[in-house]
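Chemist: The structure file final-v4.txt (compact mmCIF, N, CA and C atoms) is provided below.
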# COMPACT_ATOMS: atom_id res chain seq x y z
N MET A 188 0.81 -1.19 0.00
CA MET A 188 0.00 0.00 0.00
C MET A 188 0.86 1.26 0.00
N LYS A 189 1.88 1.27 0.84
CA LYS A 189 2.76 2.42 0.93
C LYS A 189 3.51 2.63 -0.38
N GLN A 190 3.88 1.55 -1.04
CA GLN A 190 4.61 1.64 -2.29
C GLN A 190 3.74 2.28 -3.38
N LYS A 191 2.46 1.93 -3.44
CA LYS A 191 1.55 2.53 -4.42
C LYS A 191 1.41 4.02 -4.16
N TRP A 192 1.31 4.40 -2.89
CA TRP A 192 1.17 5.81 -2.55
C TRP A 192 2.42 6.59 -2.95
N MET A 193 3.58 6.02 -2.72
CA MET A 193 4.84 6.68 -3.08
C MET A 193 4.94 6.87 -4.59
N LYS A 194 4.54 5.84 -5.36
CA LYS A 194 4.55 5.96 -6.82
C LYS A 194 3.62 7.07 -7.27
N TRP A 195 2.42 7.10 -6.71
CA TRP A 195 1.44 8.11 -7.06
C TRP A 195 1.97 9.50 -6.73
N ALA A 196 2.59 9.66 -5.56
CA ALA A 196 3.14 10.95 -5.15
C ALA A 196 4.27 11.39 -6.07
N ALA A 197 5.12 10.46 -6.46
CA ALA A 197 6.24 10.79 -7.36
C ALA A 197 5.73 11.20 -8.74
N VAL A 198 4.76 10.49 -9.26
CA VAL A 198 4.20 10.83 -10.57
C VAL A 198 3.51 12.19 -10.52
N THR A 199 2.77 12.45 -9.47
CA THR A 199 2.08 13.74 -9.31
C THR A 199 3.08 14.89 -9.24
N ALA A 200 4.13 14.72 -8.48
CA ALA A 200 5.16 15.76 -8.37
C ALA A 200 5.84 15.99 -9.71
N PHE A 201 6.12 14.93 -10.43
CA PHE A 201 6.76 15.05 -11.73
C PHE A 201 5.88 15.82 -12.71
N VAL A 202 4.60 15.46 -12.76
CA VAL A 202 3.67 16.12 -13.68
C VAL A 202 3.50 17.59 -13.30
N PHE A 203 3.40 17.88 -12.03
CA PHE A 203 3.29 19.26 -11.57
C PHE A 203 4.52 20.06 -11.98
N GLY A 204 5.70 19.49 -11.80
CA GLY A 204 6.94 20.16 -12.20
C GLY A 204 7.00 20.41 -13.69
N LEU A 205 6.55 19.45 -14.49
CA LEU A 205 6.52 19.65 -15.93
C LEU A 205 5.57 20.78 -16.30
N GLY A 206 4.44 20.85 -15.65
CA GLY A 206 3.47 21.91 -15.93
C GLY A 206 4.07 23.29 -15.68
N ILE A 207 4.77 23.44 -14.58
CA ILE A 207 5.40 24.72 -14.27
C ILE A 207 6.48 25.03 -15.30
N SER A 208 7.27 24.04 -15.65
CA SER A 208 8.34 24.23 -16.62
C SER A 208 7.79 24.64 -17.98
N PHE A 209 6.75 23.95 -18.45
CA PHE A 209 6.17 24.27 -19.75
C PHE A 209 5.52 25.64 -19.74
N ASN A 210 4.96 26.04 -18.61
CA ASN A 210 4.34 27.36 -18.52
C ASN A 210 5.40 28.45 -18.71
N SER A 211 6.56 28.29 -18.11
CA SER A 211 7.63 29.28 -18.27
C SER A 211 8.14 29.32 -19.70
N VAL A 212 8.29 28.18 -20.32
CA VAL A 212 8.78 28.12 -21.70
C VAL A 212 7.74 28.70 -22.66
N ALA A 213 6.49 28.37 -22.45
CA ALA A 213 5.43 28.81 -23.36
C ALA A 213 5.24 30.31 -23.34
N THR A 214 5.54 30.95 -22.23
CA THR A 214 5.33 32.39 -22.14
C THR A 214 6.59 33.19 -22.46
N GLY A 215 7.63 32.57 -22.91
CA GLY A 215 8.83 33.29 -23.30
C GLY A 215 9.89 33.36 -22.23
N GLY A 216 9.63 32.83 -21.09
CA GLY A 216 10.62 32.78 -20.04
C GLY A 216 10.70 34.05 -19.21
N CYS A 217 11.47 33.97 -18.18
CA CYS A 217 11.58 35.07 -17.22
C CYS A 217 12.25 36.30 -17.81
N ASN A 218 13.33 36.11 -18.51
CA ASN A 218 14.10 37.24 -18.99
C ASN A 218 13.29 38.11 -19.94
N THR A 219 12.54 37.51 -20.84
CA THR A 219 11.71 38.27 -21.77
C THR A 219 10.66 39.08 -21.02
N CYS A 220 10.05 38.47 -20.04
CA CYS A 220 9.04 39.15 -19.25
C CYS A 220 9.66 40.32 -18.48
N TYR A 221 10.79 40.08 -17.84
CA TYR A 221 11.44 41.13 -17.07
C TYR A 221 11.87 42.30 -17.97
N LEU A 222 12.37 41.99 -19.15
CA LEU A 222 12.76 43.05 -20.08
C LEU A 222 11.56 43.86 -20.54
N SER A 223 10.44 43.21 -20.74
CA SER A 223 9.22 43.91 -21.11
C SER A 223 8.77 44.85 -19.99
N CYS A 224 8.86 44.39 -18.77
CA CYS A 224 8.49 45.23 -17.63
C CYS A 224 9.42 46.44 -17.52
N LYS A 225 10.69 46.21 -17.73
CA LYS A 225 11.68 47.31 -17.67
C LYS A 225 11.41 48.34 -18.76
N ALA A 226 11.06 47.87 -19.96
CA ALA A 226 10.74 48.78 -21.06
C ALA A 226 9.49 49.59 -20.73
N GLY A 227 8.49 48.93 -20.14
CA GLY A 227 7.29 49.64 -19.72
C GLY A 227 7.59 50.70 -18.67
N TYR A 228 8.48 50.39 -17.75
CA TYR A 228 8.89 51.36 -16.73
C TYR A 228 9.59 52.56 -17.38
N SER A 229 10.49 52.29 -18.30
CA SER A 229 11.20 53.37 -18.98
C SER A 229 10.24 54.25 -19.77
N ASN A 230 9.28 53.62 -20.45
CA ASN A 230 8.29 54.38 -21.20
C ASN A 230 7.41 55.23 -20.28
N CYS A 231 7.08 54.69 -19.14
CA CYS A 231 6.27 55.43 -18.17
C CYS A 231 7.01 56.68 -17.70
N ILE A 232 8.27 56.53 -17.35
CA ILE A 232 9.08 57.67 -16.91
C ILE A 232 9.23 58.68 -18.04
N ALA A 233 9.50 58.19 -19.26
CA ALA A 233 9.70 59.08 -20.41
C ALA A 233 8.43 59.86 -20.76
N SER A 234 7.27 59.28 -20.47
CA SER A 234 6.02 59.97 -20.80
C SER A 234 5.56 60.90 -19.68
N GLY A 235 6.38 61.07 -18.67
CA GLY A 235 6.09 62.04 -17.61
C GLY A 235 5.41 61.45 -16.39
N GLY A 236 5.34 60.14 -16.29
CA GLY A 236 4.75 59.51 -15.11
C GLY A 236 5.61 59.73 -13.88
N SER A 237 4.98 59.77 -12.72
CA SER A 237 5.76 59.93 -11.49
C SER A 237 6.53 58.64 -11.20
N ALA A 238 7.63 58.80 -10.51
CA ALA A 238 8.47 57.64 -10.20
C ALA A 238 7.69 56.63 -9.35
N THR A 239 6.86 57.12 -8.45
CA THR A 239 6.08 56.22 -7.59
C THR A 239 5.09 55.42 -8.41
N TYR A 240 4.37 56.09 -9.30
CA TYR A 240 3.38 55.40 -10.15
C TYR A 240 4.07 54.38 -11.05
N CYS A 241 5.14 54.79 -11.71
CA CYS A 241 5.85 53.90 -12.62
C CYS A 241 6.43 52.69 -11.89
N GLN A 242 6.95 52.91 -10.69
CA GLN A 242 7.50 51.81 -9.89
C GLN A 242 6.40 50.83 -9.50
N THR A 243 5.23 51.36 -9.14
CA THR A 243 4.11 50.49 -8.78
C THR A 243 3.69 49.64 -9.96
N GLN A 244 3.61 50.25 -11.14
CA GLN A 244 3.25 49.49 -12.34
C GLN A 244 4.30 48.44 -12.68
N TYR A 245 5.56 48.78 -12.45
CA TYR A 245 6.65 47.84 -12.69
C TYR A 245 6.54 46.63 -11.75
N VAL A 246 6.24 46.89 -10.49
CA VAL A 246 6.10 45.79 -9.52
C VAL A 246 4.93 44.89 -9.91
N TYR A 247 3.81 45.47 -10.32
CA TYR A 247 2.66 44.67 -10.77
C TYR A 247 3.03 43.82 -11.99
N CYS A 248 3.76 44.43 -12.91
CA CYS A 248 4.18 43.70 -14.12
C CYS A 248 5.07 42.52 -13.75
N ARG A 249 6.03 42.75 -12.89
CA ARG A 249 6.94 41.66 -12.48
C ARG A 249 6.20 40.55 -11.76
N ALA A 250 5.15 40.90 -11.03
CA ALA A 250 4.38 39.89 -10.33
C ALA A 250 3.65 38.96 -11.30
N GLU A 251 3.37 39.44 -12.48
CA GLU A 251 2.67 38.64 -13.50
C GLU A 251 3.61 37.73 -14.29
N CYS A 252 4.91 37.95 -14.15
CA CYS A 252 5.88 37.11 -14.86
C CYS A 252 5.83 35.69 -14.31
N PRO A 253 5.98 34.69 -15.19
CA PRO A 253 5.84 33.30 -14.77
C PRO A 253 7.09 32.71 -14.14
N CYS A 254 7.70 33.43 -13.24
CA CYS A 254 8.96 32.95 -12.67
C CYS A 254 8.86 32.81 -11.17
Any chance you could put this one into structure tokens?

Modeler:
Amino acid sequence: MKQKWMKWAAVTAFVFGLGISFNSVATGGCNTCYLSCKAGYSNCIASGGSATYCQTQYVYCRAECPC
């Protein structure tokens, strides 16, 4: 009984890990997302946005990255 449970747990962990891995690859990875957020921050500052507002938007953007 314990052996069946261990197999099931190992397979579940493996599948979960693959799902996370494929999600990062499918969305372009961390670096692409971070660069996009940085560009958005730079554009915000260049268009006259306050540093506080632009920083807040940057933090929200980074939180959406799949990393």

Chemist: Mind checking which residues fall within 6 Å of stretch 238-241 of chain A, counting only C-alpha atoms, ignoring those fewer than 3 positions away in the same chain, and posting them as a list in words?

Modeler: Tyr228, Cys231 and Gln244 of chain A

Chemist: Would you mind reading off the distance between atom CA of A:Arg249 and atom CA of A:Ala233, one decimal, in Å?

Modeler: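 According to the coordinates, atom CA of A:Arg249 and atom CA of A:Ala233 are separated by 19.3 Å.
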
Chemist: By how many Å are atom C of A:Cys252 and atom N of A:Ile232 apart?

Modeler: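 Atom-to-atom, atom C of A:Cys252 to atom N of A:Ile232, that is 21.2 Å.
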
Chemist: To one decimal place, how far is atom N of A:Pro253 from atom CA of A:Lys225 in Å?

Modeler: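 Distance between the two atoms: 14.1 Å.
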